[in-house]
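Q: As input, take final.tsv (TSV, C-alpha atoms):
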chain	number	residue	atom	x	y	z
A	1	MET	CA	-52.97	-0.09	-90.06
A	2	ARG	CA	-53.94	-0.66	-86.44
A	3	MET	CA	-51.29	0.57	-84.06
A	4	PRO	CA	-52.83	2.24	-81.01
A	5	ARG	CA	-50.53	0.30	-78.68
A	6	VAL	CA	-48.78	3.02	-76.76
A	7	GLN	CA	-45.88	3.48	-74.40
A	8	PRO	CA	-47.46	4.05	-70.97
A	9	ALA	CA	-46.24	6.78	-68.69
A	10	PRO	CA	-43.83	5.25	-66.14
A	11	ASP	CA	-46.04	6.38	-63.28
A	12	LEU	CA	-49.36	5.37	-64.85
A	13	ALA	CA	-50.30	2.77	-62.23
A	14	GLU	CA	-49.26	5.13	-59.46
A	15	ARG	CA	-51.56	7.81	-60.85
A	16	LEU	CA	-54.44	5.41	-61.44
A	17	ALA	CA	-54.24	3.62	-58.09
A	18	PRO	CA	-55.93	6.24	-55.86
A	19	LEU	CA	-58.66	7.11	-58.34
A	20	GLU	CA	-62.04	5.82	-57.25
A	21	VAL	CA	-64.57	4.22	-59.52
A	22	THR	CA	-68.10	3.22	-58.54
A	23	ALA	CA	-69.13	-0.43	-58.42
A	24	LEU	CA	-72.62	-1.40	-59.51
A	25	ASP	CA	-73.64	-1.68	-55.83
A	26	GLY	CA	-72.74	1.98	-55.40
A	27	SER	CA	-69.55	1.43	-53.42
A	28	ALA	CA	-66.43	3.44	-54.19
A	29	VAL	CA	-63.45	1.33	-55.21
A	30	PRO	CA	-59.88	2.63	-55.54
A	31	LEU	CA	-58.57	1.33	-58.84
A	32	GLY	CA	-55.30	0.21	-57.28
A	33	THR	CA	-57.09	-2.44	-55.24
A	34	LEU	CA	-58.00	-4.22	-58.49
A	35	TRP	CA	-54.42	-5.23	-59.29
A	36	ASP	CA	-52.87	-5.62	-55.85
A	37	GLN	CA	-53.24	-9.42	-55.83
A	38	ARG	CA	-52.86	-10.45	-59.48
A	39	PRO	CA	-52.49	-8.81	-62.89
A	40	LEU	CA	-55.47	-6.85	-64.10
A	41	LEU	CA	-56.84	-6.54	-67.60
A	42	LEU	CA	-58.37	-3.09	-67.33
A	43	VAL	CA	-60.70	-2.03	-70.11
A	44	HIS	CA	-61.97	1.50	-70.46
A	45	LEU	CA	-65.15	1.37	-72.51
A	46	ARG	CA	-66.25	4.14	-74.78
A	47	HIS	CA	-69.65	3.99	-73.13
A	48	PHE	CA	-72.27	1.49	-71.95
A	49	GLY	CA	-74.13	1.59	-75.21
B	1	MET	CA	-71.92	-1.38	-80.71
B	2	PHE	CA	-68.11	-1.74	-80.64
B	3	CYS	CA	-68.25	-1.61	-76.85
B	4	ARG	CA	-70.90	-4.33	-76.88
B	5	GLU	CA	-68.76	-6.57	-79.04
B	6	HIS	CA	-65.70	-5.94	-76.86
B	7	VAL	CA	-67.60	-6.73	-73.66
B	8	ALA	CA	-69.09	-9.86	-75.22
B	9	GLN	CA	-65.60	-11.07	-76.17
B	10	LEU	CA	-64.36	-10.55	-72.63
B	11	ARG	CA	-67.44	-12.26	-71.20
B	12	ASP	CA	-67.12	-15.25	-73.52
B	13	HIS	CA	-63.41	-15.67	-72.70
B	14	LYS	CA	-63.68	-15.03	-68.97
B	15	ALA	CA	-62.84	-18.66	-68.12
B	16	GLU	CA	-59.66	-18.45	-70.21
B	17	ILE	CA	-58.70	-15.19	-68.48
B	18	ASP	CA	-59.35	-16.80	-65.09
B	19	ARG	CA	-57.14	-19.76	-65.98
B	20	ARG	CA	-54.28	-17.32	-66.48
B	21	ASP	CA	-54.95	-15.93	-62.99
B	22	VAL	CA	-55.64	-12.51	-64.41
B	23	ALA	CA	-58.41	-10.26	-63.10
B	24	VAL	CA	-60.55	-8.34	-65.54
B	25	ALA	CA	-62.53	-5.16	-64.97
B	26	ALA	CA	-64.23	-2.69	-67.26
B	27	VAL	CA	-64.86	0.96	-66.61
B	28	GLY	CA	-67.46	3.08	-68.35
B	29	THR	CA	-69.04	6.48	-68.13
B	30	GLY	CA	-72.63	7.40	-67.38
B	31	ASP	CA	-74.83	6.84	-64.36
B	32	LEU	CA	-75.23	3.67	-62.30
B	33	MET	CA	-78.65	2.80	-63.68
B	34	TYR	CA	-77.27	2.95	-67.20
B	35	ALA	CA	-74.36	0.70	-66.18
B	36	ARG	CA	-76.61	-1.79	-64.39
B	37	ASP	CA	-78.89	-2.06	-67.41
B	38	PHE	CA	-75.87	-2.63	-69.65
B	39	ALA	CA	-74.46	-5.32	-67.32
B	40	GLU	CA	-77.78	-7.14	-67.24
B	41	ASP	CA	-78.42	-6.85	-70.97
B	42	LYS	CA	-74.93	-8.05	-71.88
B	43	ARG	CA	-74.78	-10.66	-69.12
B	44	VAL	CA	-71.48	-9.21	-67.93
B	45	ASN	CA	-69.65	-11.77	-65.77
B	46	PHE	CA	-66.80	-9.59	-64.55
B	47	PRO	CA	-66.67	-6.41	-62.44
B	48	LEU	CA	-68.02	-3.32	-64.12
B	49	TYR	CA	-67.39	0.15	-62.75
B	50	VAL	CA	-68.50	3.68	-63.46
B	51	ASP	CA	-66.15	6.63	-63.72
B	52	ASP	CA	-68.51	9.42	-64.61
B	53	ALA	CA	-65.92	12.07	-63.76
B	54	LYS	CA	-63.65	10.38	-66.31
B	55	ALA	CA	-60.63	10.86	-64.04
B	56	SER	CA	-59.21	7.45	-64.95
B	57	TYR	CA	-59.83	8.15	-68.64
B	58	LYS	CA	-57.77	11.30	-68.34
B	59	ALA	CA	-55.04	9.39	-66.50
B	60	VAL	CA	-54.67	6.79	-69.25
B	61	GLY	CA	-54.91	9.44	-71.95
B	62	THR	CA	-58.00	8.33	-73.84
B	63	ARG	CA	-58.71	10.19	-77.03
B	64	LYS	CA	-61.92	11.69	-78.37
B	65	GLY	CA	-63.51	10.41	-81.52
B	66	SER	CA	-64.58	12.58	-84.38
B	67	ALA	CA	-68.03	12.56	-85.95
B	68	ARG	CA	-66.19	12.38	-89.27
B	69	SER	CA	-65.01	8.90	-88.31
B	70	PHE	CA	-68.52	7.56	-88.79
B	71	ALA	CA	-68.09	8.24	-92.51
B	72	LYS	CA	-64.79	6.36	-92.81
B	73	PRO	CA	-65.16	3.24	-94.98
B	74	ARG	CA	-63.23	1.16	-92.44
B	75	VAL	CA	-65.48	2.24	-89.57
B	76	ILE	CA	-68.60	1.67	-91.67
B	77	ALA	CA	-67.37	-1.82	-92.59
B	78	SER	CA	-66.54	-2.56	-88.95
B	79	ALA	CA	-69.98	-1.38	-87.88
B	80	ALA	CA	-71.62	-3.65	-90.45
B	81	ARG	CA	-69.51	-6.61	-89.26
B	82	VAL	CA	-70.34	-6.01	-85.60
B	83	THR	CA	-74.04	-5.43	-86.31
B	84	ALA	CA	-74.19	-8.67	-88.28
B	85	LYS	CA	-72.98	-10.45	-85.13
B	86	GLY	CA	-75.96	-9.03	-83.28
B	87	HIS	CA	-74.22	-6.23	-81.41
B	88	ILE	CA	-76.78	-3.52	-82.08
B	89	GLN	CA	-76.01	0.04	-81.02
B	90	GLY	CA	-77.68	0.80	-77.70
B	91	LYS	CA	-78.49	4.06	-76.03
B	92	LEU	CA	-75.67	6.54	-76.46
B	93	GLY	CA	-74.08	7.64	-73.24
B	94	PRO	CA	-73.31	11.24	-72.37
B	95	ALA	CA	-69.62	10.76	-73.18
B	96	HIS	CA	-69.95	8.55	-76.23
B	97	MET	CA	-67.26	10.41	-78.15
B	98	VAL	CA	-64.65	9.43	-75.57
B	99	LEU	CA	-62.71	6.48	-76.94
B	100	GLY	CA	-61.64	3.48	-74.93
B	101	ALA	CA	-58.37	1.96	-73.80
B	102	THR	CA	-56.99	-1.33	-72.55
B	103	HIS	CA	-54.18	-1.89	-70.07
B	104	VAL	CA	-52.62	-4.83	-68.28
B	105	ILE	CA	-51.23	-3.83	-64.90
B	106	ARG	CA	-49.14	-6.15	-62.74
B	107	PRO	CA	-49.33	-6.19	-58.92
B	108	ASP	CA	-46.00	-4.36	-58.75
B	109	GLY	CA	-47.54	-1.49	-60.73
B	110	SER	CA	-45.67	-2.15	-63.95
B	111	VAL	CA	-47.76	-1.86	-67.07
B	112	ALA	CA	-47.38	-4.87	-69.36
B	113	PHE	CA	-49.71	-3.65	-72.07
B	114	ALA	CA	-51.07	-0.26	-72.98
B	115	TRP	CA	-53.51	0.43	-75.78
B	116	VAL	CA	-55.34	3.70	-76.31
B	117	ASN	CA	-58.00	3.48	-78.99
B	118	GLY	CA	-57.37	5.69	-81.98
B	119	ASP	CA	-60.88	5.40	-83.36
B	120	PHE	CA	-64.28	3.94	-82.57
B	121	ASP	CA	-63.60	0.48	-83.98
B	122	ASP	CA	-60.12	-0.38	-82.84
B	123	ASN	CA	-60.52	-1.98	-79.45
B	124	ALA	CA	-57.49	-3.94	-78.31
B	125	ASP	CA	-57.23	-7.65	-78.94
B	126	PHE	CA	-57.53	-9.01	-75.41
B	127	ALA	CA	-55.56	-12.14	-76.37
B	128	GLU	CA	-52.64	-9.95	-77.40
B	129	ALA	CA	-53.03	-8.04	-74.14
B	130	LEU	CA	-52.80	-11.27	-72.14
B	131	ARG	CA	-49.76	-12.44	-74.10
B	132	SER	CA	-47.94	-9.40	-72.75
B	133	LEU	CA	-47.71	-11.30	-69.46
B	134	ASP	CA	-45.88	-14.28	-71.00
Let me see whether you can do it: turn the structure in this file into C-alpha coordinates.
A:
Amino acid sequence: MRMPRVQPAPDLAERLAPLEVTALDGSAVPLGTLWDQRPLLLVHLRHFG
Amino acid sequence: MFCREHVAQLRDHKAEIDRRDVAVAAVGTGDLMYARDFAEDKRVNFPLYVDDAKASYKAVGTRKGSARSFAKPRVIASAARVTAKGHIQGKLGPAHMVLGATHVIRPDGSVAFAWVNGDFDDNADFAEALRSLD
(Lines of atoms letter the chains of each structure in order from A and count residues from 1; the text may use other names and numbers.)
(Lines give C-alpha, C1' and ligand atoms only; values in the text may rest on other atoms or scores of the structure.)
Protein backbone atom coordinates (compact mmCIF):
# COMPACT_ATOMS: atom_id res chain seq x y z
CA MET A 1 0.00 0.00 0.00
CA ARG A 2 1.32 3.44 -0.90
CA MET A 3 0.68 5.95 1.84
CA PRO A 4 3.64 8.30 2.28
CA ARG A 5 1.34 11.33 2.35
CA VAL A 6 2.16 12.94 5.64
CA GLN A 7 0.87 15.63 7.94
CA PRO A 8 3.29 18.55 7.54
CA ALA A 9 4.61 20.44 10.51
CA PRO A 10 2.53 23.61 10.98
CA ASP A 11 5.61 25.76 10.57
CA LEU A 12 7.09 23.88 7.61
CA ALA A 13 6.90 26.76 5.13
CA GLU A 14 8.26 29.15 7.73
CA ARG A 15 11.26 26.88 8.27
CA LEU A 16 11.82 26.29 4.56
CA ALA A 17 11.44 29.90 3.46
CA PRO A 18 14.88 31.25 4.50
CA LEU A 19 16.82 28.22 3.33
CA GLU A 20 18.86 28.94 0.23
CA VAL A 21 19.22 26.63 -2.72
CA THR A 22 21.51 27.17 -5.68
CA ALA A 23 20.11 27.83 -9.14
CA LEU A 24 21.87 26.36 -12.15
CA ASP A 25 23.41 29.80 -12.86
CA GLY A 26 25.07 29.65 -9.45
CA SER A 27 22.84 32.21 -7.75
CA ALA A 28 21.52 31.61 -4.25
CA VAL A 29 17.73 31.56 -4.03
CA PRO A 30 15.75 31.59 -0.78
CA LEU A 31 13.12 28.89 -1.09
CA GLY A 32 10.39 31.18 0.19
CA THR A 33 10.65 33.36 -2.90
CA LEU A 34 9.42 30.43 -4.99
CA TRP A 35 5.90 30.46 -3.53
CA ASP A 36 5.39 34.13 -2.69
CA GLN A 37 3.37 34.83 -5.85
CA ARG A 38 1.53 31.57 -6.57
CA PRO A 39 1.36 28.03 -5.22
CA LEU A 40 4.48 25.96 -5.66
CA LEU A 41 4.79 22.28 -6.44
CA LEU A 42 8.11 21.60 -4.74
CA VAL A 43 9.79 18.30 -5.53
CA HIS A 44 12.79 17.05 -3.63
CA LEU A 45 14.58 14.56 -5.84
CA ARG A 46 16.50 11.63 -4.52
CA HIS A 47 19.40 12.67 -6.71
CA PHE A 48 20.15 13.85 -10.25
CA GLY A 49 20.77 10.36 -11.51
CA MET B 1 15.89 6.02 -12.63
CA PHE B 2 12.83 6.82 -10.48
CA CYS B 3 13.98 10.43 -10.31
CA ARG B 4 14.32 10.48 -14.08
CA GLU B 5 10.80 9.20 -14.55
CA HIS B 6 9.44 11.70 -12.02
CA VAL B 7 11.21 14.62 -13.70
CA ALA B 8 10.03 13.47 -17.13
CA GLN B 9 6.43 13.40 -15.88
CA LEU B 10 6.73 16.93 -14.54
CA ARG B 11 8.38 18.11 -17.75
CA ASP B 12 5.72 16.52 -19.95
CA HIS B 13 2.89 18.03 -17.88
CA LYS B 14 4.44 21.46 -17.40
CA ALA B 15 1.83 23.14 -19.62
CA GLU B 16 -0.98 21.62 -17.53
CA ILE B 17 0.72 22.82 -14.33
CA ASP B 18 1.11 26.30 -15.83
CA ARG B 19 -2.58 26.40 -16.75
CA ARG B 20 -3.38 25.92 -13.07
CA ASP B 21 -1.13 28.91 -12.27
CA VAL B 22 1.10 26.75 -10.14
CA ALA B 23 4.88 27.09 -10.11
CA VAL B 24 7.03 23.98 -10.10
CA ALA B 25 10.59 23.57 -8.88
CA ALA B 26 12.77 20.59 -8.16
CA VAL B 27 15.63 20.38 -5.71
CA GLY B 28 18.42 17.84 -5.82
CA THR B 29 21.72 17.11 -4.19
CA GLY B 30 25.19 17.04 -5.73
CA ASP B 31 27.27 19.68 -7.43
CA LEU B 32 26.18 22.22 -10.03
CA MET B 33 27.88 20.48 -12.94
CA TYR B 34 26.03 17.29 -12.11
CA ALA B 35 22.73 19.21 -11.94
CA ARG B 36 23.38 21.05 -15.21
CA ASP B 37 24.16 17.79 -17.00
CA PHE B 38 20.96 16.27 -15.62
CA ALA B 39 18.87 19.28 -16.69
CA GLU B 40 20.28 19.15 -20.20
CA ASP B 41 19.98 15.39 -20.55
CA LYS B 42 16.39 15.34 -19.29
CA ARG B 43 15.41 18.55 -21.09
CA VAL B 44 14.11 19.97 -17.82
CA ASN B 45 11.74 22.87 -18.54
CA PHE B 46 11.23 24.12 -14.99
CA PRO B 47 13.60 25.55 -12.37
CA LEU B 48 16.05 23.08 -10.91
CA TYR B 49 18.04 23.84 -7.78
CA VAL B 50 20.83 22.26 -5.80
CA ASP B 51 20.78 21.83 -2.04
CA ASP B 52 24.01 20.03 -1.43
CA ALA B 53 23.89 20.76 2.30
CA LYS B 54 20.50 19.02 2.33
CA ALA B 55 19.11 21.64 4.71
CA SER B 56 15.74 21.68 2.95
CA TYR B 57 15.68 17.87 2.93
CA LYS B 58 16.11 17.90 6.69
CA ALA B 59 13.38 20.52 7.03
CA VAL B 60 10.81 18.44 5.14
CA GLY B 61 11.91 15.27 6.90
CA THR B 62 13.07 13.13 4.00
CA ARG B 63 13.91 9.56 4.85
CA LYS B 64 16.89 7.42 3.90
CA GLY B 65 16.50 4.36 1.76
CA SER B 66 17.88 0.99 2.63
CA ALA B 67 20.06 -1.11 0.35
CA ARG B 68 17.71 -3.96 1.24
CA SER B 69 14.96 -2.15 -0.65
CA PHE B 70 16.67 -2.96 -3.93
CA ALA B 71 15.80 -6.61 -3.30
CA LYS B 72 12.10 -5.96 -2.67
CA PRO B 73 9.92 -7.50 -5.40
CA ARG B 74 7.87 -4.30 -5.67
CA VAL B 75 10.96 -2.13 -6.14
CA ILE B 76 12.42 -4.59 -8.66
CA ALA B 77 9.14 -4.57 -10.60
CA SER B 78 9.00 -0.78 -10.48
CA ALA B 79 12.58 -0.57 -11.71
CA ALA B 80 11.77 -2.88 -14.62
CA ARG B 81 8.70 -0.79 -15.51
CA VAL B 82 10.63 2.48 -15.41
CA THR B 83 13.59 1.05 -17.34
CA ALA B 84 11.23 -0.24 -20.03
CA LYS B 85 10.05 3.36 -20.49
CA GLY B 86 13.63 4.35 -21.21
CA HIS B 87 14.50 5.90 -17.87
CA ILE B 88 17.90 4.29 -17.43
CA GLN B 89 19.75 4.74 -14.16
CA GLY B 90 22.32 7.51 -14.49
CA LYS B 91 25.34 8.33 -12.41
CA LEU B 92 24.61 7.92 -8.73
CA GLY B 93 24.91 11.08 -6.72
CA PRO B 94 26.74 11.35 -3.42
CA ALA B 95 23.46 11.29 -1.49
CA HIS B 96 21.58 8.73 -3.53
CA MET B 97 20.19 6.97 -0.47
CA VAL B 98 18.30 10.10 0.55
CA LEU B 99 14.69 9.69 -0.56
CA GLY B 100 12.59 12.41 -2.10
CA ALA B 101 9.50 14.36 -1.14
CA THR B 102 6.79 16.46 -2.74
CA HIS B 103 4.97 19.44 -1.28
CA VAL B 104 2.48 22.01 -2.47
CA ILE B 105 2.91 25.32 -0.67
CA ARG B 106 0.49 28.23 -1.03
CA PRO B 107 1.59 31.89 -1.02
CA ASP B 108 0.24 32.26 2.52
CA GLY B 109 2.62 29.52 3.66
CA SER B 110 -0.01 26.87 4.20
CA VAL B 111 0.93 23.43 2.95
CA ALA B 112 -1.77 21.89 0.78
CA PHE B 113 0.03 18.62 0.12
CA ALA B 114 2.87 16.84 1.83
CA TRP B 115 4.41 13.59 0.68
CA VAL B 116 7.62 12.12 2.02
CA ASN B 117 8.80 9.11 0.04
CA GLY B 118 8.90 5.91 2.01
CA ASP B 119 11.00 4.03 -0.51
CA PHE B 120 12.88 4.49 -3.76
CA ASP B 121 9.91 3.93 -6.05
CA ASP B 122 7.07 5.80 -4.46
CA ASN B 123 7.27 9.31 -5.79
CA ALA B 124 4.10 11.32 -5.33
CA ASP B 125 1.49 11.49 -8.05
CA PHE B 126 1.80 15.11 -9.13
CA ALA B 127 -1.82 15.15 -10.33
CA GLU B 128 -2.96 14.22 -6.83
CA ALA B 129 -0.67 16.92 -5.47
CA LEU B 130 -2.29 19.53 -7.72
CA ARG B 131 -5.79 18.39 -6.78
CA SER B 132 -4.96 19.41 -3.21
CA LEU B 133 -5.44 23.00 -4.39
CA ASP B 134 -9.02 22.41 -5.59
Q: Could the residues of chain B that have an atom at most 7 Å from chain A be listed as a tab-separated table, each with its closest atom pair and the distance in Å to one decimal, counting all atoms listed in the file and ordered by chain and ascending residue number?
A:
residue	atom	partner	partner_atom	distance
B:Met1	CA	A:Gly49	CA	6.6
B:Cys3	CA	A:Leu45	CA	6.1
B:Arg4	CA	A:Gly49	CA	6.9
B:Asp21	CA	A:Arg38	CA	6.8
B:Val22	CA	A:Pro39	CA	5.1
B:Ala23	CA	A:Leu40	CA	4.6
B:Val24	CA	A:Leu41	CA	4.6
B:Ala25	CA	A:Leu42	CA	5.2
B:Ala26	CA	A:Val43	CA	4.6
B:Val27	CA	A:His44	CA	4.8
B:Gly28	CA	A:Leu45	CA	5.1
B:Thr29	CA	A:His47	CA	5.6
B:Leu32	CA	A:Leu24	CA	6.3
B:Ala35	CA	A:Phe48	CA	6.2
B:Arg36	CA	A:Leu24	CA	6.3
B:Phe38	CA	A:Phe48	CA	5.9
B:Leu48	CA	A:Ala23	CA	6.5
B:Tyr49	CA	A:Ala23	CA	4.7
B:Val50	CA	A:Thr22	CA	5.0
B:Asp51	CA	A:Val21	CA	5.1
B:Ser56	CA	A:Leu16	CA	6.3
B:Ala59	CA	A:Leu16	CA	6.5
B:Gln89	CA	A:Gly49	CA	6.3
B:Gly90	CA	A:Gly49	CA	4.4
B:Lys91	CA	A:Gly49	CA	5.1
B:Leu92	CA	A:Gly49	CA	5.3
B:Gly93	CA	A:His47	CA	5.7
B:Ala95	CA	A:His47	CA	6.8
B:His96	CA	A:His47	CA	5.5
B:Val98	CA	A:Arg46	CA	5.6
B:Leu99	CA	A:Arg46	CA	4.8
B:Gly100	CA	A:Arg46	CA	4.7
B:Ala101	CA	A:His44	CA	4.9
B:Thr102	CA	A:Val43	CA	4.5
B:His103	CA	A:Leu42	CA	5.1
B:Val104	CA	A:Leu41	CA	4.6
B:Ile105	CA	A:Leu40	CA	5.3
B:Arg106	CA	A:Pro39	CA	4.3
B:Pro107	CA	A:Asp36	CA	4.7
B:Gly109	CA	A:Ala13	CA	5.3
B:Ser110	CA	A:Ala13	CA	7.0
B:Ala114	CA	A:Val6	CA	5.5
B:Trp115	CA	A:Arg5	CA	4.2
B:Val116	CA	A:Pro4	CA	5.5
B:Asn117	CA	A:Pro4	CA	5.7
B:Gly118	CA	A:Pro4	CA	5.8
Q: What is the distance between CA of Ala112 in chain B and CA of Ser132 in chain B, in Å to one decimal?
A: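 It comes out at 5.7 Å.
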Q: Given all atoms listed in the file as the basis, pick out the residue of B:Asp37, B:Asp108, B:Asp119, B:Asp125 nearest to Ala71 in chain B.
A: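 Of the candidates, the smallest distance to Ala71 in chain B is held by B:Asp119.
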Q: One decimal, in Å: what's the spacing between CA of Ala124 in chain B and CA of Ala77 in chain B?
A: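 Atom-to-atom, CA of Ala124 in chain B and CA of Ala77 in chain B are spaced 17.5 Å apart.
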Q: Any idea what the distance is between CA of Phe46 in chain B and CA of Glu16 in chain B?
A: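 Between CA of Phe46 in chain B and CA of Glu16 in chain B the gap works out to 12.7 Å.
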Q: Counting only C-alpha atoms, figure out which residue out of B:Arg74, B:Lys54, B:Arg20, B:Lys42 gets nearest to Arg131 in chain B.
A: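 Using only C-alpha atoms, the shortest distance to Arg131 in chain B belongs to B:Arg20.
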Q: Nearest to Leu130 in chain B: which of B:Glu5, B:Asp18, B:Asp12, B:Asp52 is it, counting only C-alpha atoms?
A: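 When distances to Leu130 in chain B are compared using only C-alpha atoms, the smallest one comes from B:Asp18.
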